[in-house]
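Data file: run_21.csv. Format and content: CSV, C-alpha atoms and all ligand atoms.
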chain,number,residue,atom,x,y,z
A,1,MET,CA,17.8,-34.0,-5.6
A,2,ALA,CA,20.0,-32.3,-8.2
A,3,PRO,CA,18.4,-29.8,-10.5
A,4,ILE,CA,17.1,-31.3,-13.8
A,5,ALA,CA,18.7,-29.5,-16.8
A,6,THR,CA,16.3,-28.7,-19.6
A,7,ASP,CA,16.3,-26.4,-22.6
A,8,ALA,CA,12.6,-26.5,-23.0
A,9,VAL,CA,11.2,-22.9,-22.8
A,10,THR,CA,7.7,-24.3,-22.3
A,11,ALA,CA,8.6,-26.9,-19.8
A,12,GLU,CA,5.7,-28.2,-17.9
A,13,VAL,CA,5.7,-28.5,-14.1
A,14,PRO,CA,3.4,-31.3,-13.1
A,15,ALA,CA,1.3,-30.8,-10.0
A,16,THR,CA,3.0,-32.3,-7.0
A,17,ASN,CA,2.6,-32.2,-3.3
A,18,ASP,CA,6.3,-32.7,-2.9
A,19,ILE,CA,7.8,-29.3,-2.4
A,20,ALA,CA,11.3,-30.5,-2.7
A,21,GLU,CA,10.5,-32.1,-6.0
A,22,LEU,CA,8.7,-29.0,-7.3
A,23,LYS,CA,11.7,-26.8,-6.3
A,24,ALA,CA,14.1,-29.1,-8.1
A,25,LYS,CA,12.0,-29.0,-11.3
A,26,LEU,CA,11.7,-25.2,-11.2
A,27,GLN,CA,15.4,-24.8,-10.5
A,28,GLY,CA,16.2,-26.9,-13.5
A,29,ILE,CA,14.2,-24.8,-15.9
A,30,LYS,CA,16.3,-22.3,-17.9
A,31,LEU,CA,14.2,-19.7,-19.7
A,32,ASN,CA,15.5,-17.2,-22.2
A,33,ASP,CA,15.4,-14.0,-20.3
A,34,ALA,CA,13.2,-14.9,-17.4
A,35,ASP,CA,15.1,-16.7,-14.7
A,36,ILE,CA,13.2,-18.3,-11.9
A,37,VAL,CA,14.0,-16.9,-8.5
A,38,LEU,CA,12.4,-19.5,-6.2
A,39,PRO,CA,10.1,-18.0,-3.6
A,40,PRO,CA,10.1,-19.4,0.0
A,41,ASP,CA,8.6,-22.8,0.6
A,42,ASN,CA,5.5,-21.4,2.3
A,43,THR,CA,4.8,-19.3,-0.7
A,44,LEU,CA,5.3,-22.2,-3.0
A,45,ARG,CA,2.8,-24.2,-1.1
A,46,ARG,CA,0.3,-21.3,-1.4
A,47,TYR,CA,0.9,-21.0,-5.1
A,48,GLN,CA,0.7,-24.7,-5.6
A,49,LYS,CA,-2.7,-24.8,-4.0
A,50,ALA,CA,-3.8,-21.9,-6.1
A,51,GLY,CA,-2.5,-23.4,-9.3
A,52,ILE,CA,0.0,-20.6,-9.9
A,53,ASP,CA,2.5,-21.8,-12.6
A,54,LEU,CA,6.0,-20.6,-12.1
A,55,SER,CA,7.5,-22.5,-15.0
A,56,GLN,CA,7.5,-19.5,-17.3
A,57,GLY,CA,9.5,-17.5,-14.9
A,58,TYR,CA,9.3,-16.0,-11.4
A,59,PRO,CA,8.7,-13.2,-10.6
A,60,TYR,CA,6.9,-11.7,-13.6
A,61,PHE,CA,8.0,-8.2,-14.6
A,62,PRO,CA,5.5,-6.3,-16.7
A,63,PRO,CA,6.8,-4.1,-19.5
A,64,LYS,CA,7.8,-0.7,-18.1
A,65,PRO,CA,6.9,2.7,-19.7
A,66,ASP,CA,9.9,4.5,-21.0
A,67,PHE,CA,8.9,8.1,-20.8
A,68,VAL,CA,7.7,10.5,-18.1
A,69,GLN,CA,4.8,11.5,-20.4
A,70,ASP,CA,3.6,7.9,-20.6
A,71,VAL,CA,3.8,7.5,-16.8
A,72,PHE,CA,1.9,10.7,-16.3
A,73,LYS,CA,-1.0,9.3,-18.2
A,74,VAL,CA,-1.0,5.9,-16.7
A,75,ARG,CA,-4.4,4.6,-15.7
A,76,VAL,CA,-5.9,8.1,-16.1
A,77,ASP,CA,-8.3,7.2,-18.9
A,78,ALA,CA,-9.5,4.0,-17.1
A,79,ARG,CA,-10.7,6.0,-14.0
A,80,ASP,CA,-11.7,9.1,-16.0
A,81,ASN,CA,-14.1,6.8,-17.8
A,82,LYS,CA,-15.3,5.0,-14.7
A,83,PRO,CA,-15.5,7.4,-11.7
A,84,TYR,CA,-14.9,5.6,-8.4
A,85,VAL,CA,-17.8,4.6,-6.2
A,86,ASP,CA,-16.3,3.6,-2.9
A,87,PRO,CA,-18.0,0.4,-1.5
A,88,GLY,CA,-17.8,1.9,2.0
A,89,SER,CA,-20.2,4.6,0.9
A,90,ARG,CA,-23.1,2.1,0.7
A,91,ALA,CA,-22.3,0.2,3.9
A,92,ASP,CA,-24.4,-0.2,7.0
A,93,PRO,CA,-22.8,2.3,9.4
A,94,GLU,CA,-23.1,-0.3,12.2
A,95,LYS,CA,-21.5,-3.0,10.1
A,96,LYS,CA,-23.8,-5.6,11.5
A,97,ALA,CA,-23.2,-8.3,8.9
A,98,LEU,CA,-19.4,-8.1,9.2
A,99,PHE,CA,-19.3,-7.9,13.0
A,100,ALA,CA,-21.9,-10.6,13.6
A,101,ALA,CA,-19.9,-13.1,11.6
A,102,ALA,CA,-16.6,-12.4,13.4
A,103,GLN,CA,-15.5,-14.1,16.6
A,104,LYS,CA,-13.9,-11.0,17.9
A,105,VAL,CA,-13.2,-7.4,16.7
A,106,ASN,CA,-10.3,-5.7,18.6
A,107,ASN,CA,-9.3,-2.1,18.2
A,108,LEU,CA,-5.5,-2.2,18.5
A,109,THR,CA,-4.9,1.5,19.4
A,110,THR,CA,-7.2,4.4,20.0
A,111,HIS,CA,-6.7,6.1,16.6
A,112,ILE,CA,-5.6,3.4,14.2
A,113,GLY,CA,-5.9,-0.3,13.5
A,114,THR,CA,-8.5,-3.0,14.1
A,115,GLU,CA,-8.0,-6.8,14.1
A,116,ILE,CA,-10.9,-9.1,13.1
A,117,ILE,CA,-10.7,-12.7,14.4
A,118,GLY,CA,-12.6,-15.6,13.1
A,119,LEU,CA,-13.3,-14.5,9.5
A,120,GLN,CA,-11.8,-15.6,6.2
A,121,LEU,CA,-11.6,-12.8,3.7
A,122,LYS,CA,-12.3,-15.2,0.8
A,123,ASP,CA,-15.8,-15.9,2.3
A,124,LEU,CA,-17.1,-12.4,2.8
A,125,THR,CA,-20.3,-11.5,1.1
A,126,ASP,CA,-20.6,-8.2,-0.9
A,127,GLN,CA,-22.4,-6.7,2.0
A,128,GLN,CA,-19.6,-7.7,4.4
A,129,ARG,CA,-17.0,-6.3,1.9
A,130,ASP,CA,-18.8,-3.0,1.8
A,131,GLU,CA,-18.8,-2.9,5.6
A,132,LEU,CA,-15.1,-3.8,5.7
A,133,ALA,CA,-14.4,-0.9,3.4
A,134,LEU,CA,-16.2,1.4,5.7
A,135,LEU,CA,-14.3,0.0,8.7
A,136,VAL,CA,-11.0,0.5,6.9
A,137,ALA,CA,-12.0,4.1,6.0
A,138,GLU,CA,-12.7,4.8,9.6
A,139,ARG,CA,-9.9,2.8,11.3
A,140,HIS,CA,-7.3,3.2,8.6
A,141,ILE,CA,-6.3,-0.5,8.7
A,142,VAL,CA,-7.9,-3.9,9.4
A,143,PHE,CA,-5.9,-7.1,10.0
A,144,PHE,CA,-6.9,-10.7,9.6
A,145,ARG,CA,-4.6,-13.5,10.7
A,146,ASP,CA,-4.5,-17.1,9.4
A,147,GLN,CA,-6.0,-16.4,6.0
A,148,ASP,CA,-6.4,-19.1,3.4
A,149,LEU,CA,-6.1,-16.8,0.4
A,150,SER,CA,-5.0,-17.4,-3.2
A,151,PRO,CA,-3.5,-14.5,-5.2
A,152,GLN,CA,-6.5,-14.8,-7.6
A,153,LYS,CA,-9.0,-14.3,-4.7
A,154,GLN,CA,-6.9,-11.4,-3.4
A,155,LYS,CA,-7.1,-9.7,-6.8
A,156,GLU,CA,-10.9,-10.3,-7.0
A,157,ILE,CA,-11.4,-8.7,-3.6
A,158,GLY,CA,-9.1,-5.8,-4.7
A,159,LEU,CA,-11.2,-5.3,-7.9
A,160,TYR,CA,-14.3,-5.2,-5.7
A,161,LEU,CA,-12.8,-2.6,-3.4
A,162,GLY,CA,-11.4,-0.6,-6.3
A,163,ASP,CA,-14.8,-0.6,-8.2
A,164,GLY,CA,-13.3,-2.6,-11.0
A,165,LEU,CA,-9.7,-1.2,-11.1
A,166,VAL,CA,-6.5,-2.2,-9.4
A,167,GLU,CA,-3.0,-0.8,-9.7
A,168,THR,CA,-0.7,-2.6,-12.0
A,169,HIS,CA,2.6,-1.3,-10.4
A,170,VAL,CA,4.7,-1.4,-13.6
A,171,GLN,CA,7.9,-1.1,-11.6
A,172,ALA,CA,7.1,-4.0,-9.3
A,173,ALA,CA,7.7,-7.8,-9.5
A,174,GLN,CA,4.4,-9.6,-9.8
A,175,VAL,CA,2.7,-13.0,-9.5
A,176,PRO,CA,2.6,-14.6,-13.0
A,177,GLY,CA,-0.5,-15.8,-14.7
A,178,VAL,CA,-3.1,-13.7,-12.9
A,179,GLY,CA,-3.4,-10.9,-15.5
A,180,GLY,CA,-1.3,-8.4,-13.5
A,181,GLY,CA,-2.1,-6.4,-10.5
A,182,VAL,CA,-0.8,-8.8,-7.8
A,183,THR,CA,2.6,-7.4,-6.9
A,184,LEU,CA,5.3,-8.8,-4.6
A,185,ILE,CA,6.7,-7.3,-1.5
A,186,TRP,CA,9.9,-9.4,-1.6
A,187,GLU,CA,13.4,-8.2,-1.7
A,188,ASP,CA,14.8,-11.3,-3.4
A,189,GLY,CA,12.5,-10.7,-6.3
A,190,ARG,CA,13.6,-7.1,-7.0
A,191,ARG,CA,15.7,-6.2,-10.0
A,192,ASP,CA,16.8,-2.8,-8.8
A,193,ALA,CA,19.6,-1.6,-6.6
A,194,PHE,CA,17.6,-2.3,-3.5
A,195,ARG,CA,17.8,-6.1,-4.0
A,196,LYS,CA,19.5,-7.7,-1.0
A,197,GLY,CA,22.5,-6.6,0.9
A,198,ARG,CA,20.9,-3.5,2.3
A,199,SER,CA,22.5,-1.9,5.3
A,200,TRP,CA,20.8,-1.7,8.7
A,201,ARG,CA,22.7,1.5,9.4
A,202,VAL,CA,20.4,3.9,7.5
A,203,PRO,CA,19.3,6.5,10.1
A,204,TYR,CA,15.5,7.0,10.6
A,205,GLY,CA,14.8,4.1,8.2
A,206,GLY,CA,15.2,6.6,5.3
A,207,GLY,CA,15.1,6.0,1.5
A,208,GLN,CA,13.0,3.1,0.5
A,209,PHE,CA,12.4,2.2,4.1
A,210,GLY,CA,11.2,5.6,5.1
A,211,TRP,CA,7.6,6.7,5.8
A,212,HIS,CA,5.7,7.0,2.6
A,213,THR,CA,2.3,6.7,0.9
A,214,ASP,CA,2.1,4.5,-2.2
A,215,LEU,CA,2.1,6.0,-5.7
A,216,VAL,CA,1.1,9.6,-4.8
A,217,HIS,CA,2.4,10.9,-8.1
A,218,GLU,CA,-0.5,9.2,-10.0
A,219,ALA,CA,-3.7,11.0,-10.9
A,220,TYR,CA,-5.7,8.3,-9.0
A,221,PRO,CA,-3.5,6.9,-6.3
A,222,PRO,CA,-4.5,3.7,-4.6
A,223,GLY,CA,-7.0,3.6,-1.8
A,224,TYR,CA,-7.7,0.3,-0.2
A,225,THR,CA,-4.4,-1.6,-0.3
A,226,HIS,CA,-4.2,-5.3,0.7
A,227,LEU,CA,-1.0,-6.9,1.7
A,228,HIS,CA,-1.0,-10.6,2.4
A,229,GLN,CA,2.2,-11.9,3.9
A,230,ASP,CA,2.6,-15.6,3.3
A,231,THR,CA,6.2,-15.8,4.6
A,232,VAL,CA,7.6,-13.7,7.3
A,233,PRO,CA,10.6,-13.8,9.8
A,234,GLU,CA,9.8,-14.9,13.3
A,235,VAL,CA,11.4,-11.7,14.6
A,236,GLY,CA,11.5,-8.3,13.0
A,237,GLY,CA,10.1,-7.0,9.7
A,238,ASP,CA,7.2,-5.2,11.3
A,239,THR,CA,5.2,-2.7,9.4
A,240,LEU,CA,4.2,0.7,10.9
A,241,TRP,CA,1.3,2.9,9.9
A,242,ALA,CA,0.2,6.4,11.1
A,243,SER,CA,-3.2,8.1,11.0
A,244,GLY,CA,-3.6,11.1,8.7
A,245,TYR,CA,-6.9,12.1,10.4
A,246,ALA,CA,-5.2,12.3,13.8
A,247,ALA,CA,-2.1,14.0,12.4
A,248,TYR,CA,-4.3,16.7,11.0
A,249,ASP,CA,-6.1,17.0,14.3
A,250,LYS,CA,-2.8,17.7,16.0
A,251,LEU,CA,-2.7,21.1,14.3
A,252,SER,CA,-4.1,24.3,15.7
A,253,PRO,CA,-7.2,25.8,14.1
A,254,ALA,CA,-4.9,28.6,12.7
A,255,PHE,CA,-2.5,26.1,11.2
A,256,LYS,CA,-5.3,24.0,9.7
A,257,LYS,CA,-6.6,27.2,8.1
A,258,LEU,CA,-3.2,27.9,6.6
A,259,ILE,CA,-2.8,24.5,4.9
A,260,ASP,CA,-6.4,23.8,4.0
A,261,GLY,CA,-6.8,24.0,0.3
A,262,LEU,CA,-3.1,24.1,-0.5
A,263,ASN,CA,-1.7,21.9,-3.2
A,264,GLY,CA,1.4,19.8,-2.6
A,265,ILE,CA,3.8,18.7,-5.3
A,266,TYR,CA,4.2,14.9,-5.3
A,267,ARG,CA,7.2,13.1,-6.9
A,268,SER,CA,7.4,9.5,-8.2
A,269,ALA,CA,10.0,7.2,-6.7
A,270,HIS,CA,11.3,6.2,-10.2
A,271,LYS,CA,12.7,8.4,-13.0
A,272,TYR,CA,11.9,8.3,-16.6
A,273,LYS,CA,13.2,9.7,-19.9
A,274,ASN,CA,11.6,12.7,-21.5
A,275,SER,CA,10.1,12.0,-24.9
A,276,ASP,CA,10.6,15.6,-25.9
A,277,ASP,CA,14.3,15.4,-25.0
A,278,PRO,CA,15.4,11.7,-25.0
A,279,ASP,CA,19.0,12.6,-24.2
A,280,ALA,CA,18.2,14.5,-21.1
A,281,ILE,CA,18.8,13.1,-17.6
A,282,PRO,CA,15.8,10.9,-16.5
A,283,GLU,CA,13.4,12.8,-14.3
A,284,PRO,CA,10.6,11.8,-11.9
A,285,VAL,CA,6.9,12.4,-12.5
A,286,LEU,CA,5.5,15.4,-10.7
A,287,ARG,CA,1.9,15.9,-9.8
A,288,THR,CA,-0.1,18.3,-7.6
A,289,HIS,CA,-2.6,17.0,-5.1
A,290,PRO,CA,-4.2,18.7,-2.0
A,291,LEU,CA,-2.1,18.6,1.1
A,292,VAL,CA,-5.3,18.1,3.1
A,293,ARG,CA,-7.5,15.5,1.6
A,294,THR,CA,-11.2,14.9,2.2
A,295,HIS,CA,-12.2,11.2,2.6
A,296,PRO,CA,-15.2,10.4,0.4
A,297,VAL,CA,-16.7,7.9,2.8
A,298,THR,CA,-16.1,9.4,6.3
A,299,GLY,CA,-16.1,13.0,5.1
A,300,TRP,CA,-13.1,13.6,7.4
A,301,LYS,CA,-10.0,15.6,6.5
A,302,SER,CA,-6.7,13.8,6.4
A,303,LEU,CA,-3.1,15.2,6.2
A,304,TRP,CA,-1.9,13.9,2.9
A,305,VAL,CA,1.9,14.4,2.9
A,306,ASN,CA,4.8,12.0,3.1
A,307,ARG,CA,8.5,12.9,3.5
A,308,ALA,CA,9.6,10.6,0.7
A,309,MET,CA,7.5,12.1,-2.0
A,310,THR,CA,5.9,15.4,-1.1
A,311,VAL,CA,8.6,17.8,-2.3
A,312,GLY,CA,6.9,21.2,-2.5
A,313,ILE,CA,3.8,23.4,-2.1
A,314,GLU,CA,2.3,25.1,-5.1
A,315,GLY,CA,2.8,28.9,-4.9
A,316,PHE,CA,5.4,28.7,-2.1
A,317,ASP,CA,9.1,29.3,-2.5
A,318,GLN,CA,11.1,26.1,-1.7
A,319,PRO,CA,12.5,27.2,1.7
A,320,GLU,CA,8.9,28.1,2.8
A,321,ALA,CA,7.6,24.8,1.6
A,322,ASP,CA,10.4,23.0,3.3
A,323,LEU,CA,9.6,24.7,6.6
A,324,LEU,CA,5.9,23.8,6.5
A,325,LEU,CA,6.4,20.3,5.1
A,326,ASP,CA,9.1,19.4,7.7
A,327,TYR,CA,6.7,20.3,10.5
A,328,LEU,CA,3.9,18.3,8.9
A,329,HIS,CA,6.1,15.3,8.3
A,330,ASN,CA,7.3,15.4,11.9
A,331,ILE,CA,3.8,15.5,13.3
A,332,TYR,CA,3.0,12.4,11.3
A,333,GLU,CA,6.2,10.5,11.9
A,334,ARG,CA,7.0,11.4,15.5
A,335,SER,CA,3.6,11.2,17.2
A,336,THR,CA,3.7,7.6,18.5
A,337,ASP,CA,0.1,7.9,19.8
A,338,ILE,CA,-1.3,8.0,16.3
A,339,GLN,CA,0.8,5.1,15.0
A,340,LEU,CA,0.5,1.3,15.0
A,341,ARG,CA,3.3,-1.2,14.8
A,342,TRP,CA,2.3,-4.7,13.5
A,343,HIS,CA,4.2,-7.9,13.8
A,344,TRP,CA,3.3,-10.3,11.0
A,345,THR,CA,2.6,-14.0,11.3
A,346,PRO,CA,2.4,-16.1,8.1
A,347,GLY,CA,-0.9,-15.9,6.3
A,348,THR,CA,-1.9,-12.5,7.7
A,349,SER,CA,-3.7,-10.0,5.5
A,350,ALA,CA,-3.8,-6.3,6.2
A,351,ILE,CA,-6.1,-3.9,4.3
A,352,TRP,CA,-5.2,-0.2,4.8
A,353,ASP,CA,-6.4,3.0,3.4
A,354,ASN,CA,-3.6,4.6,1.4
A,355,ARG,CA,-5.7,7.8,1.3
A,356,SER,CA,-5.3,8.6,5.0
A,357,THR,CA,-2.1,7.0,6.1
A,358,ILE,CA,1.7,6.8,5.8
A,359,HIS,CA,3.5,3.5,6.3
A,360,THR,CA,7.0,2.1,6.6
A,361,VAL,CA,8.8,-1.2,7.3
A,362,SER,CA,11.2,-1.9,10.1
A,363,TYR,CA,14.3,-3.2,8.4
A,364,ASP,CA,15.6,-5.2,11.3
A,365,TYR,CA,15.2,-8.7,10.0
A,366,ASP,CA,17.1,-11.6,8.5
A,367,GLY,CA,15.4,-14.3,6.7
A,368,GLU,CA,12.7,-14.4,4.2
A,369,ARG,CA,9.7,-12.0,3.9
A,370,HIS,CA,7.4,-12.5,1.0
A,371,GLY,CA,4.0,-11.0,0.5
A,372,THR,CA,1.5,-10.3,-2.3
A,373,ARG,CA,-0.1,-6.9,-2.6
A,374,VAL,CA,-3.2,-5.7,-4.5
A,375,SER,CA,-3.8,-1.9,-4.5
A,376,SER,CA,-7.3,-0.8,-5.4
A,377,LEU,CA,-7.6,2.4,-7.4
A,378,ALA,CA,-9.5,5.2,-5.7
A,379,GLU,CA,-10.8,8.7,-6.6
A,380,LYS,CA,-8.7,11.7,-7.5
A,381,PRO,CA,-7.7,13.3,-4.2
A,382,TYR,CA,-9.8,16.4,-3.5
A,383,PHE,CA,-10.3,18.9,-0.7
A,384,ASP,CA,-13.8,19.8,0.2
A,385,PRO,CA,-13.8,23.2,2.1
A,386,THR,CA,-17.0,22.3,3.9
A,387,SER,CA,-15.6,19.0,5.3
A,388,LYS,CA,-14.5,18.6,8.9
A,389,SER,CA,-11.7,17.0,10.7
A,390,LYS,CA,-12.5,13.7,12.5
A,391,ALA,CA,-12.3,15.5,15.9
A,392,GLU,CA,-14.5,18.3,14.7
A,393,ALA,CA,-17.1,15.9,13.2
A,394,LEU,CA,-17.2,13.8,16.4
A,395,LYS,CA,-16.8,16.8,18.7
A,396,HIS,CA,-14.1,15.1,20.6
A,397,PRO,CA,-13.2,17.3,23.6
A,398,LYS,CA,-9.7,15.9,24.1
A,399,TRP,CA,-8.7,16.9,20.6
A,400,LEU,CA,-10.4,20.3,20.5
A,401,GLN,CA,-8.9,21.6,23.7
A,402,SER,CA,-5.6,23.5,23.2
A,403,PRO,CA,-2.7,21.7,25.0
A,404,TYR,CA,-0.8,24.9,25.6
A,405,VAL,CA,-1.2,27.5,28.3
A,406,ALA,CA,0.2,30.9,27.4
A,407,SER,CA,3.2,31.7,29.6
A,408,TYR,CA,4.8,34.6,27.8
B,1,FE,FE,4.6,1.2,0.4

Just give me the structure of the file as structure tokens.
Ligand SMILES: [Fe+2]
Amino acid sequence: MAPIATDAVTAEVPATNDIAELKAKLQGIKLNDADIVLPPDNTLRRYQKAGIDLSQGYPYFPPKPDFVQDVFKVRVDARDNKPYVDPGSRADPEKKALFAAAQKVNNLTTHIGTEIIGLQLKDLTDQQRDELALLVAERHIVFFRDQDLSPQKQKEIGLYLGDGLVETHVQAAQVPGVGGGVTLIWEDGRRDAFRKGRSWRVPYGGGQFGWHTDLVHEAYPPGYTHLHQDTVPEVGGDTLWASGYAAYDKLSPAFKKLIDGLNGIYRSAHKYKNSDDPDAIPEPVLRTHPLVRTHPVTGWKSLWVNRAMTVGIEGFDQPEADLLLDYLHNIYERSTDIQLRWHWTPGTSAIWDNRSTIHTVSYDYDGERHGTRVSSLAEKPYFDPTSKSKAEALKHPKWLQSPYVASY
């Protein structure tokens, strides 16, 4: 069916079960500045069921802040005025309500990742949501396949996990009509230089594909982060995560002592103008946070660095910081025993803790990969000098025993 030409900016798209007809109608709509980039068919079906209207443009791009000063303040007041209470902190430590309702709960590796089978996220009670938060805080990431999940429900779950606040990701493409906060993981929907045509030849999956933690330059970076992939390639496009608890526990007591309490310098991925000097070259937002972060629910210490965005250490000269950070990044990125690699199937949700992990995508795929993400705002990162590492708290002998025998 040929596209239907129309000049109507407010063209209505009637509900239809015929995906081809819907696509033709959407393709025919020409809006002033907001073109419609059609999402994959599977996504369209999900949106149609959820009543998401794409006729005003897709994706939706929120207004961007111009100045580095504006970005520095983003969402600070909201959380300052409503300190975070992590839902995991009020959960039953045994998670009986969540586990009893599941068909199966499988730990995927020793140190990171759990899959829950037989539960729909949309049906969880508040008690089960609290227990899920605790499970994510402990296991770093929890997966649910075959989810029937609307973007609206995903946002509602994110608001619950974020104690009323989710990230709005001003640089990211978004689902329209849901009031912001549901962002897209979708290359075709990007407007920046990373849209399409990327090379597979980037060594170590660097740049935008490198290991990172989301939005570490913010005052209150995201905690629980929920990615629902509605369309994925059959082969490739896996996501990898690594455990910050275990990365920290791979350090000697002396090294832990050296970095405990230090503040790192964290840089934003995007650059902005300076309102005090609008003609100056755009610059990133810089913020300090602890290199070792205490988790408010588990009480465990996590290494909180990532190669993409941790660029210095307060009080250290740059070569010294580079030396320390490079070692810490290597521990995190090269220790395969503390990592997880996940192959997506359509309709899978992953909820991970952005406070205790790094993640990266494997850019080895062709075809379409489209997901919606909701990032729940957490607390300001802090280091509690009385907190313990996971291995210390659990008195795990295999971690606490030195692997090295002096031979010099
Ligand atoms: Fe990310």

So that each row is one residue of stretch 231-321 of chain A with an atom at most 9 Å from stretch 366-371 of chain A, can you give its shortest atom pair and the distance in Å to one decimal, using only C-alpha atoms, rows by chain and rising number, as JSON lines?
{"residue": "A:Thr231", "atom": "CA", "partner": "A:His370", "partner_atom": "CA", "distance": 5.0}
{"residue": "A:Val232", "atom": "CA", "partner": "A:Arg369", "partner_atom": "CA", "distance": 4.3}
{"residue": "A:Pro233", "atom": "CA", "partner": "A:Gly367", "partner_atom": "CA", "distance": 5.7}
{"residue": "A:Glu234", "atom": "CA", "partner": "A:Gly367", "partner_atom": "CA", "distance": 8.7}
{"residue": "A:Val235", "atom": "CA", "partner": "A:Asp366", "partner_atom": "CA", "distance": 8.3}
{"residue": "A:Gly236", "atom": "CA", "partner": "A:Asp366", "partner_atom": "CA", "distance": 7.9}
{"residue": "A:Gly237", "atom": "CA", "partner": "A:Arg369", "partner_atom": "CA", "distance": 7.7}

Let's have the selection written as a JSON list (two decimals), keeping the file's coordinate frame, with C-alpha atoms.
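Output file again06.json follows:
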[["chain", "number", "residue", "atom", "x", "y", "z"],
["A", 231, "THR", "CA", 6.20, -15.80, 4.60],
["A", 232, "VAL", "CA", 7.60, -13.70, 7.30],
["A", 233, "PRO", "CA", 10.60, -13.80, 9.80],
["A", 234, "GLU", "CA", 9.80, -14.90, 13.30],
["A", 235, "VAL", "CA", 11.40, -11.70, 14.60],
["A", 236, "GLY", "CA", 11.50, -8.30, 13.00],
["A", 237, "GLY", "CA", 10.10, -7.00, 9.70]]

### Message
At a cut-off of 8 Å around ligand FE 1 (chain B), and using only C-alpha atoms and all ligand atoms, what residues come up? Please write them as a PyMOL selection string.
### Response
chain A and resi 212-214+359-360

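The nearest approach to A:Ile36 among the residues A:Arg79, A:Lys23, A:Lys390, A:Arg287, with all atoms listed in the file taken into account, belongs to A:Lys23.
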
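Among the candidates A:Pro151, A:Gly113, A:Gly28, A:Pro221, the one nearest to A:Glu379 when counting all atoms listed in the file is A:Pro221.
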
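Among the candidates A:Val311, A:Val297, A:Leu303, A:Ala242, the one nearest to A:Tyr266 when counting only C-alpha atoms is A:Val311.
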
### Query
Can you tell me how far atom CA of A:Thr125 sits from atom CA of A:Ala350, in Å to one decimal?
18.0 Å
